[in-house]
>>> print(open('structure_31.txt').read())   # compact mmCIF, C-alpha atoms
# COMPACT_ATOMS: atom_id res chain seq x y z
CA MET A 24 -58.25 56.02 56.22
CA GLY A 25 -57.24 59.68 56.33
CA PHE A 26 -54.01 61.15 57.63
CA LYS A 27 -53.64 64.84 58.36
CA CYS A 28 -50.58 67.03 58.80
CA GLY A 29 -51.27 70.42 60.37
CA ILE A 30 -49.18 73.30 59.01
CA VAL A 31 -48.32 75.61 61.92
CA GLY A 32 -46.05 78.57 62.57
CA LEU A 33 -46.00 82.24 63.49
CA PRO A 34 -47.82 84.71 61.22
CA ASN A 35 -46.02 85.73 58.01
CA VAL A 36 -43.65 82.77 57.83
CA GLY A 37 -45.09 81.52 54.52
CA LYS A 38 -47.55 78.90 55.74
CA SER A 39 -50.48 79.89 53.56
CA THR A 40 -48.25 80.52 50.54
CA LEU A 41 -46.90 77.01 51.00
CA PHE A 42 -50.38 75.58 51.44
CA ASN A 43 -51.64 77.30 48.29
CA ALA A 44 -48.79 75.83 46.31
CA LEU A 45 -49.23 72.46 47.96
CA THR A 46 -52.85 72.11 46.98
CA ARG A 47 -52.57 74.21 43.79
CA THR A 48 -55.52 76.26 44.92
CA ALA A 49 -56.09 79.76 46.19
CA ALA A 50 -58.32 78.51 49.00
CA ALA A 51 -56.07 79.92 51.72
CA GLN A 52 -55.37 83.62 51.61
CA ALA A 53 -51.70 84.58 51.60
CA ALA A 54 -51.36 88.17 52.75
CA ASN A 55 -48.84 90.23 54.65
CA TYR A 56 -50.77 90.54 57.90
CA PRO A 57 -51.43 88.20 60.85
CA PHE A 58 -54.48 85.93 60.99
CA CYS A 59 -55.34 86.15 57.31
CA THR A 60 -56.42 82.51 57.56
CA ILE A 61 -59.67 82.64 59.50
CA GLU A 62 -60.67 78.97 59.21
CA PRO A 63 -58.36 75.99 58.84
CA ASN A 64 -58.05 75.03 55.20
CA VAL A 65 -57.71 71.41 54.23
CA GLY A 66 -56.17 70.13 51.02
CA GLU A 67 -55.58 66.57 49.93
CA VAL A 68 -52.53 65.87 47.82
CA ALA A 69 -51.22 62.78 46.06
CA VAL A 70 -48.13 61.08 47.48
CA PRO A 71 -45.56 60.77 44.65
CA ASP A 72 -44.83 57.10 43.92
CA GLU A 73 -43.37 55.96 40.61
CA ARG A 74 -44.30 52.36 41.41
CA LEU A 75 -47.99 53.07 40.85
CA GLU A 76 -47.46 54.19 37.25
CA THR A 77 -45.35 51.10 36.58
CA LEU A 78 -48.04 48.79 37.95
CA ALA A 79 -50.72 50.59 35.93
CA ARG A 80 -48.71 50.15 32.76
CA ILE A 81 -48.18 46.42 33.35
CA ALA A 82 -51.80 45.80 34.36
CA GLU A 83 -53.07 48.06 31.55
CA SER A 84 -55.23 49.86 34.09
CA LYS A 85 -57.76 52.39 32.82
CA ASN A 86 -57.53 54.52 35.96
CA VAL A 87 -54.67 55.36 38.31
CA VAL A 88 -55.52 56.34 41.89
CA PRO A 89 -52.63 57.49 44.11
CA THR A 90 -52.64 57.39 47.87
CA ARG A 91 -53.27 60.76 49.46
CA ILE A 92 -52.36 62.77 52.53
CA SER A 93 -54.17 65.82 53.90
CA PHE A 94 -52.56 69.10 54.88
CA VAL A 95 -54.41 71.51 57.16
CA ASP A 96 -53.41 75.18 57.02
CA ILE A 97 -53.86 76.49 60.57
CA ALA A 98 -53.83 80.24 61.21
CA GLY A 99 -50.64 81.75 62.63
CA LEU A 100 -50.08 81.28 66.34
CA VAL A 101 -48.44 84.02 68.41
CA ARG A 102 -46.75 84.29 71.78
CA GLY A 103 -49.51 83.86 74.37
CA ALA A 104 -51.76 81.71 72.16
CA SER A 105 -52.26 79.23 75.01
CA ARG A 106 -53.78 82.10 77.03
CA GLY A 107 -56.04 83.11 74.14
CA GLU A 108 -53.79 85.74 72.56
CA GLY A 109 -54.47 86.37 68.87
CA LEU A 110 -56.86 83.67 67.80
CA GLY A 111 -55.02 81.18 70.01
CA ASN A 112 -57.35 78.65 71.61
CA GLN A 113 -59.50 78.31 68.50
CA PHE A 114 -56.51 77.16 66.48
CA LEU A 115 -54.93 75.09 69.24
CA ALA A 116 -58.13 73.04 69.11
CA ASN A 117 -57.69 72.59 65.36
CA ILE A 118 -54.16 71.26 65.87
CA ARG A 119 -55.52 68.53 68.18
CA GLU A 120 -57.31 67.00 65.21
CA VAL A 121 -54.19 66.36 63.10
CA ASP A 122 -51.88 63.33 63.16
CA ALA A 123 -48.62 65.25 62.80
CA ILE A 124 -47.35 68.83 62.82
CA VAL A 125 -45.52 70.50 59.93
CA HIS A 126 -43.79 73.46 61.55
CA VAL A 127 -42.91 76.17 59.03
CA LEU A 128 -40.04 78.41 60.07
CA ARG A 129 -39.09 81.62 58.30
CA CYS A 130 -35.49 81.34 57.15
CA PHE A 131 -35.24 84.40 54.92
CA GLU A 132 -34.81 88.16 55.28
CA ASP A 133 -37.28 90.51 53.57
CA ALA A 134 -37.81 94.08 54.73
CA ASP A 135 -41.19 94.15 52.97
CA ILE A 136 -42.60 91.27 55.04
CA THR A 137 -43.04 92.10 58.70
CA HIS A 138 -42.14 89.64 61.45
CA VAL A 139 -44.31 89.63 64.57
CA GLU A 140 -41.22 89.19 66.76
CA GLY A 141 -39.30 92.02 65.09
CA GLY A 142 -36.64 89.98 63.30
CA VAL A 143 -35.78 86.64 61.74
CA ASP A 144 -34.72 83.93 64.20
CA PRO A 145 -36.13 80.47 63.37
CA LEU A 146 -34.89 78.84 66.60
CA ARG A 147 -36.67 81.47 68.69
CA ASP A 148 -39.80 81.06 66.57
CA ALA A 149 -39.70 77.26 67.02
CA GLU A 150 -39.37 77.71 70.78
CA ILE A 151 -42.33 80.12 70.90
CA ILE A 152 -44.64 77.68 69.14
CA GLU A 153 -43.38 74.68 71.13
CA THR A 154 -43.84 76.58 74.40
CA GLU A 155 -47.40 77.56 73.53
CA LEU A 156 -48.25 73.96 72.66
CA MET A 157 -46.67 72.72 75.91
CA LEU A 158 -48.58 75.28 77.98
CA ALA A 159 -51.82 74.28 76.28
CA ASP A 160 -51.11 70.60 77.03
CA LEU A 161 -50.34 71.36 80.68
CA GLU A 162 -53.57 73.30 81.10
CA SER A 163 -55.56 70.50 79.49
CA LEU A 164 -53.97 67.80 81.66
CA GLU A 165 -54.25 69.72 84.92
CA LYS A 166 -57.97 70.28 84.42
CA ARG A 167 -58.56 66.57 83.84
CA LEU A 168 -56.26 65.40 86.62
CA VAL A 169 -58.29 67.09 89.36
CA LYS A 170 -61.33 64.88 88.77
CA LEU A 171 -59.35 61.80 87.78
CA GLU A 172 -57.18 61.78 90.90
CA LYS A 173 -60.28 61.83 93.08
CA LYS A 174 -61.60 58.83 91.21
CA ALA A 175 -58.25 57.05 91.48
CA ALA A 176 -58.25 57.64 95.24
CA THR A 177 -61.35 55.44 95.51
CA GLY A 178 -59.34 52.50 94.14
CA ASP A 179 -60.50 52.68 90.53
CA LYS A 180 -57.76 50.77 88.64
CA GLU A 181 -58.49 52.37 85.26
CA ALA A 182 -58.34 55.85 86.76
CA LYS A 183 -55.06 55.02 88.53
CA ALA A 184 -53.49 53.84 85.28
CA LEU A 185 -54.63 56.94 83.43
CA VAL A 186 -53.34 59.25 86.17
CA ALA A 187 -49.93 57.55 85.96
CA LEU A 188 -49.93 58.01 82.20
CA MET A 189 -50.88 61.66 82.45
CA ARG A 190 -48.16 62.21 85.05
CA LYS A 191 -45.61 60.99 82.53
CA ALA A 192 -46.69 63.87 80.33
CA THR A 193 -46.92 66.54 83.04
CA ASP A 194 -43.46 65.67 84.39
CA LEU A 195 -41.97 66.28 80.96
CA LEU A 196 -43.99 69.40 80.23
CA GLU A 197 -43.14 70.99 83.58
CA ALA A 198 -39.48 70.36 82.74
CA GLY A 199 -39.94 72.24 79.46
CA LYS A 200 -39.93 69.11 77.30
CA PRO A 201 -42.60 67.94 74.78
CA ALA A 202 -44.80 64.97 75.61
CA ARG A 203 -43.53 63.03 72.57
CA LEU A 204 -40.37 62.25 74.57
CA ALA A 205 -42.37 60.06 76.98
CA GLU A 206 -41.67 56.33 76.99
CA ILE A 207 -45.01 54.68 76.33
CA ALA A 208 -45.59 50.93 76.63
CA PRO A 209 -47.49 49.21 73.78
CA GLU A 210 -50.49 48.56 76.05
CA GLU A 211 -50.63 52.29 76.91
CA GLU A 212 -50.61 53.59 73.33
CA LYS A 213 -54.39 53.70 72.86
CA ALA A 214 -54.96 55.65 76.09
CA TRP A 215 -51.98 57.91 75.31
CA LYS A 216 -53.40 58.80 71.92
CA GLY A 217 -56.75 59.48 73.58
CA LEU A 218 -55.17 62.27 75.62
CA GLN A 219 -54.86 64.27 72.35
CA LEU A 220 -51.70 66.04 73.47
CA LEU A 221 -50.38 68.61 71.02
CA THR A 222 -46.74 67.98 71.87
CA ALA A 223 -47.11 64.22 71.56
CA LYS A 224 -47.52 64.58 67.80
CA PRO A 225 -44.49 64.01 65.56
CA VAL A 226 -42.99 67.20 64.08
CA LEU A 227 -41.43 68.00 60.73
CA TYR A 228 -39.60 71.32 60.42
CA VAL A 229 -39.94 73.15 57.09
CA CYS A 230 -37.29 75.80 56.46
CA ASN A 231 -38.85 78.41 54.20
CA VAL A 232 -35.83 79.99 52.50
CA ASP A 233 -35.31 82.66 49.84
CA GLU A 234 -35.19 81.58 46.18
CA ASP A 235 -31.39 81.74 45.98
CA SER A 236 -31.07 79.32 48.92
CA ALA A 237 -33.62 76.74 47.73
CA ALA A 238 -31.00 74.28 46.48
CA THR A 239 -28.41 74.64 49.21
CA GLY A 240 -30.10 76.15 52.25
CA ASN A 241 -28.61 79.04 54.24
CA ALA A 242 -27.28 79.94 57.68
CA PHE A 243 -30.82 80.03 59.12
CA SER A 244 -31.76 76.58 57.80
CA GLU A 245 -28.44 75.14 59.03
CA LYS A 246 -29.38 76.16 62.57
CA VAL A 247 -32.78 74.51 62.20
CA GLN A 248 -31.23 71.31 60.87
CA ALA A 249 -28.83 71.17 63.84
CA MET A 250 -31.78 71.61 66.22
CA ALA A 251 -33.75 68.90 64.42
CA VAL A 252 -30.85 66.45 64.58
CA ALA A 253 -30.60 67.03 68.33
CA GLN A 254 -34.33 66.29 68.65
CA GLY A 255 -34.28 63.30 66.33
CA ALA A 256 -36.63 65.23 64.01
CA GLU A 257 -36.57 65.80 60.27
CA THR A 258 -36.27 68.94 58.15
CA VAL A 259 -37.15 69.92 54.60
CA ILE A 260 -35.79 73.02 52.88
CA ILE A 261 -38.32 74.77 50.65
CA SER A 262 -38.74 78.15 49.03
CA ALA A 263 -42.47 78.83 49.23
CA ALA A 264 -42.04 81.52 46.58
CA ILE A 265 -40.62 78.98 44.13
CA GLU A 266 -43.30 76.43 44.96
CA GLU A 267 -46.00 79.05 44.38
CA GLU A 268 -44.49 79.80 40.96
CA LEU A 269 -44.23 76.10 40.10
CA ALA A 270 -47.88 75.55 40.96
CA GLN A 271 -48.87 77.85 38.10
CA LEU A 272 -46.76 76.12 35.44
CA GLU A 273 -47.42 73.22 33.08
CA ASP A 274 -45.32 70.06 33.50
CA ALA A 275 -42.83 70.89 30.72
CA GLU A 276 -42.36 74.42 32.04
CA ARG A 277 -41.98 73.11 35.58
CA ALA A 278 -39.05 70.89 34.61
CA GLU A 279 -37.33 73.78 32.85
CA TYR A 280 -37.93 76.14 35.77
CA LEU A 281 -36.62 73.64 38.31
CA GLU A 282 -33.47 73.15 36.27
CA SER A 283 -32.94 76.91 36.07
CA MET A 284 -33.15 77.08 39.87
CA GLY A 285 -30.69 74.22 40.33
CA LEU A 286 -33.35 71.87 41.71
CA GLU A 287 -33.93 68.23 40.77
CA GLU A 288 -37.51 68.13 42.03
CA ALA A 289 -40.09 70.38 43.63
CA GLY A 290 -39.69 70.91 47.35
CA LEU A 291 -43.34 70.00 47.83
CA GLU A 292 -42.67 66.47 46.61
CA ARG A 293 -40.01 66.11 49.28
CA LEU A 294 -42.38 67.60 51.86
CA ILE A 295 -45.17 65.17 50.98
CA ARG A 296 -42.86 62.17 51.19
CA ALA A 297 -41.39 63.45 54.45
CA GLY A 298 -44.90 63.78 55.90
CA TYR A 299 -45.61 60.22 54.82
CA ARG A 300 -42.41 59.01 56.54
CA LEU A 301 -43.13 61.12 59.60
CA LEU A 302 -46.41 59.32 60.15
CA ASP A 303 -44.67 55.97 59.57
CA LEU A 304 -46.96 55.02 56.71
CA ILE A 305 -46.45 52.44 54.01
CA THR A 306 -48.17 51.81 50.69
CA PHE A 307 -49.73 48.66 49.30
CA PHE A 308 -51.34 48.35 45.90
CA THR A 309 -54.22 46.76 44.08
CA ALA A 310 -53.86 46.50 40.31
CA GLY A 311 -56.05 45.29 37.49
CA PRO A 312 -57.57 46.33 34.14
CA LYS A 313 -60.09 48.63 35.84
CA GLU A 314 -57.63 50.57 38.01
CA ALA A 315 -54.28 50.62 39.75
CA HIS A 316 -54.76 51.94 43.27
CA ALA A 317 -52.31 52.88 46.01
CA TRP A 318 -53.51 52.48 49.62
CA THR A 319 -52.09 53.78 52.89
CA VAL A 320 -51.66 51.88 56.16
CA LYS A 321 -49.56 52.33 59.26
CA ARG A 322 -46.37 50.30 59.30
CA GLY A 323 -47.08 47.04 61.13
CA ALA A 324 -50.70 46.76 59.91
CA ARG A 325 -51.95 43.23 59.34
CA ALA A 326 -53.78 41.94 56.28
CA PRO A 327 -57.35 42.36 57.63
CA GLN A 328 -56.61 45.99 58.54
CA ALA A 329 -55.32 46.63 55.03
CA ALA A 330 -58.47 45.05 53.61
CA GLY A 331 -60.54 47.35 55.83
CA VAL A 332 -58.92 50.42 54.27
CA ILE A 333 -60.53 49.42 50.98
CA HIS A 334 -63.90 48.54 52.52
CA SER A 335 -65.03 47.70 56.05
CA ASP A 336 -66.79 44.56 54.74
CA PHE A 337 -63.44 43.26 53.48
CA GLU A 338 -62.05 43.36 57.01
CA LYS A 339 -65.13 41.86 58.65
CA GLY A 340 -65.30 38.94 56.24
CA PHE A 341 -61.56 38.54 55.65
CA ILE A 342 -60.54 35.03 54.56
CA ARG A 343 -57.09 35.47 53.08
CA ALA A 344 -54.92 37.75 50.96
CA GLU A 345 -53.16 36.95 47.71
CA VAL A 346 -49.84 38.80 47.88
CA ILE A 347 -47.14 39.54 45.31
CA SER A 348 -44.20 41.78 46.11
CA TYR A 349 -43.81 44.81 43.85
CA GLU A 350 -40.45 43.51 42.62
CA ASP A 351 -41.89 40.12 41.67
CA TYR A 352 -44.94 41.70 40.02
CA VAL A 353 -42.68 43.80 37.79
CA ALA A 354 -40.10 41.09 37.14
CA HIS A 355 -42.71 38.59 35.95
CA GLY A 356 -44.86 41.01 33.94
CA GLY A 357 -47.89 41.10 36.20
CA GLU A 358 -50.19 38.88 38.25
CA ALA A 359 -50.41 35.96 35.82
CA GLY A 360 -46.64 35.76 35.35
CA ALA A 361 -45.98 36.02 39.07
CA ARG A 362 -48.53 33.31 39.79
CA GLU A 363 -46.96 30.97 37.23
CA ALA A 364 -43.51 31.60 38.72
CA GLY A 365 -44.79 30.69 42.18
CA LYS A 366 -44.35 34.23 43.46
CA MET A 367 -47.93 34.71 44.63
CA ARG A 368 -48.40 33.90 48.34
CA LEU A 369 -51.57 33.16 50.26
CA GLU A 370 -51.46 34.99 53.56
CA GLY A 371 -53.79 34.85 56.57
CA LYS A 372 -54.95 37.20 59.32
CA ASP A 373 -51.55 37.49 60.99
CA TYR A 374 -49.66 38.62 57.88
CA VAL A 375 -47.92 41.97 58.38
CA VAL A 376 -48.28 44.06 55.22
CA GLN A 377 -45.01 45.11 53.59
CA ASP A 378 -44.41 48.33 51.68
CA GLY A 379 -44.99 47.68 47.98
CA ASP A 380 -47.18 44.58 48.37
CA VAL A 381 -49.61 44.05 45.51
CA MET A 382 -52.65 42.48 47.16
CA HIS A 383 -55.96 40.89 46.34
CA PHE A 384 -58.36 40.07 49.18
CA ARG A 385 -60.74 37.13 49.51
CA PHE A 386 -63.62 37.71 51.92
CA ALA A 387 -66.97 36.25 52.91
CA THR A 388 -70.10 38.32 52.43
>>> encode(input="structure_31.txt", output="structure tokens")
Amino acid sequence: MGFKCGIVGLPNVGKSTLFNALTRTAAAQAANYPFCTIEPNVGEVAVPDERLETLARIAESKNVVPTRISFVDIAGLVRGASRGEGLGNQFLANIREVDAIVHVLRCFEDADITHVEGGVDPLRDAEIIETELMLADLESLEKRLVKLEKKAATGDKEAKALVALMRKATDLLEAGKPARLAEIAPEEEKAWKGLQLLTAKPVLYVCNVDEDSAATGNAFSEKVQAMAVAQGAETVIISAAIEEELAQLEDAERAEYLESMGLEEAGLERLIRAGYRLLDLITFFTAGPKEAHAWTVKRGARAPQAAGVIHSDFEKGFIRAEVISYEDYVAHGGEAGAREAGKMRLEGKDYVVQDGDVMHFRFAT
């Protein structure tokens, strides 16, 4: 079960530098000119979770397998991308494939790094990208509505329902608002997701600041945070330059470097966790002598769905799940101790998985 966050922004805001540091590779070029990323680059990174190491230690696991999240580095968009400016439409299509958008905003001055809009203004930059995504969504919806409305006029109930759903989006977009503000009923969620609207995706703003502002932020990032609060969105302050440096260091050197910069942890760790929260994901675990493994599911997933993340046969033949909370697993020294203390529960198909559950699935073959 893969989850992807697309890294977007104007050219030269630090997206590819951030991506390189994030994945600890040089797969994405980072250069001082627009469109240096010609194809979207994908990197999978581990989600930091101290609980996994604790479980592995208790279970004496030979292998430790963290849960992972993918980041897609998408080439810089520019004003007019929705009309094909720059490499626009090609990359707008790539954004449709991600689950959430990580919007990198340049929050630093540097005369040596050009800005396509002539100066640093993160709120303007955010508006440019948001506008291009809204225009692309409007174009996509209007093309589909022409045929669908004709079908709805014949009395087709499914077409009528879909037209009504699409009108919710167009009404917002025409008013200059993103589709994610639409109120969608639970029974409409599947069809809504099927529309693949760019502005329906959740957004995380990343303020790329100068090294001296990494710990505290600056006037630019404060403006972005105020905007995010108004939108009900989240922000992370990062210095891509620092993260790039950290990516080259060994663990001991990293700790020393972070301390020298006044930072408690790498910004990328906060970014990864924020992406995980943004997608409303939770983690459950399996633990034993062979391996301790973290698994990702959407909040609200039921036991058979969790089993299916491990293997589709587990979901098809699901019988029950043996469940121990993380706290009980640790407090009683593992599975055997938790079982003896009566802390292991047998749960059926309707059980809603909780973050931190340590699970073992029984299934029929």
>>> closest_atom_pairs(input="structure_31.txt", of="range 210-313 of chain A", to="range 339-347 of chain A", cutoff="12 Å", atoms="only C-alpha atoms", output="tab-separated table")
residue	atom	partner	partner_atom	distance
A:Phe307	CA	A:Val346	CA	10.0
A:Phe308	CA	A:Ile347	CA	9.8
A:Thr309	CA	A:Val346	CA	9.8
A:Ala310	CA	A:Ile347	CA	10.9
>>> atom_distance(input="structure_31.txt", atom1="CA of Glu267 in chain A", atom2="CA of Gly290 in chain A")
10.7 Å
>>> closest_atom_pairs(input="structure_31.txt", of="range 244-306 of chain A", to="range 206-225 of chain A", cutoff="10 Å", atoms="only C-alpha atoms", output="tab-separated table")
residue	atom	partner	partner_atom	distance
A:Ala256	CA	A:Pro225	CA	8.1
A:Glu257	CA	A:Pro225	CA	9.7
A:Gly298	CA	A:Pro225	CA	9.7
A:Leu301	CA	A:Pro225	CA	6.8
A:Leu302	CA	A:Pro225	CA	7.4
>>> atom_distance(input="structure_31.txt", atom1="CA of His138 in chain A", atom2="CA of Lys38 in chain A")
13.3 Å
>>> atom_distance(input="structure_31.txt", atom1="CA of Gly323 in chain A", atom2="CA of Gln377 in chain A")
8.1 Å
>>> residues_near_point(input="structure_31.txt", point="(-54.6, 67.9, 89.0)", cutoff="12 Å", atoms="all atoms listed in the file", output="list in words")
Leu161, Glu162, Ser163, Leu164, Glu165, Lys166, Arg167, Leu168, Val169, Lys170, Leu171, Glu172, Lys173, Lys174, Ala175, Val186, Ala187, Met189, Arg190 and Thr193 of chain A
>>> closest_residue(input="structure_31.txt", among="A:Arg293, A:Arg203, A:Lys191, A:Lys183", to="Leu45 in chain A", atoms="all atoms listed in the file")
A:Arg293
>>> build_atoms(input="structure_31.txt", residues="range 293-305 of chain A", atoms="N, CA and C atoms", output="compact mmCIF listing (two decimals), in the coordinates of the input")
# COMPACT_ATOMS: atom_id res chain seq x y z
N ARG A 293 -40.79 66.56 48.14
CA ARG A 293 -40.01 66.11 49.28
C ARG A 293 -40.80 66.27 50.57
N LEU A 294 -41.57 67.36 50.67
CA LEU A 294 -42.38 67.60 51.86
C LEU A 294 -43.44 66.52 52.02
N ILE A 295 -44.12 66.19 50.92
CA ILE A 295 -45.17 65.17 50.98
C ILE A 295 -44.60 63.82 51.41
N ARG A 296 -43.48 63.44 50.81
CA ARG A 296 -42.86 62.17 51.19
C ARG A 296 -42.39 62.19 52.64
N ALA A 297 -41.85 63.33 53.07
CA ALA A 297 -41.39 63.45 54.45
C ALA A 297 -42.56 63.32 55.42
N GLY A 298 -43.71 63.91 55.07
CA GLY A 298 -44.90 63.78 55.90
C GLY A 298 -45.36 62.33 55.98
N TYR A 299 -45.25 61.64 54.89
CA TYR A 299 -45.61 60.22 54.82
C TYR A 299 -44.69 59.41 55.73
N ARG A 300 -43.38 59.71 55.67
CA ARG A 300 -42.41 59.01 56.54
C ARG A 300 -42.64 59.37 58.00
N LEU A 301 -42.94 60.64 58.24
CA LEU A 301 -43.13 61.12 59.60
C LEU A 301 -44.24 60.36 60.32
N LEU A 302 -45.28 60.06 59.58
CA LEU A 302 -46.41 59.32 60.15
C LEU A 302 -46.20 57.81 60.13
N ASP A 303 -45.03 57.39 59.63
CA ASP A 303 -44.67 55.97 59.57
C ASP A 303 -45.71 55.18 58.78
N LEU A 304 -45.97 55.66 57.58
CA LEU A 304 -46.96 55.02 56.71
C LEU A 304 -46.26 54.22 55.63
N ILE A 305 -46.94 53.20 55.15
CA ILE A 305 -46.45 52.44 54.01
C ILE A 305 -47.57 52.34 52.98
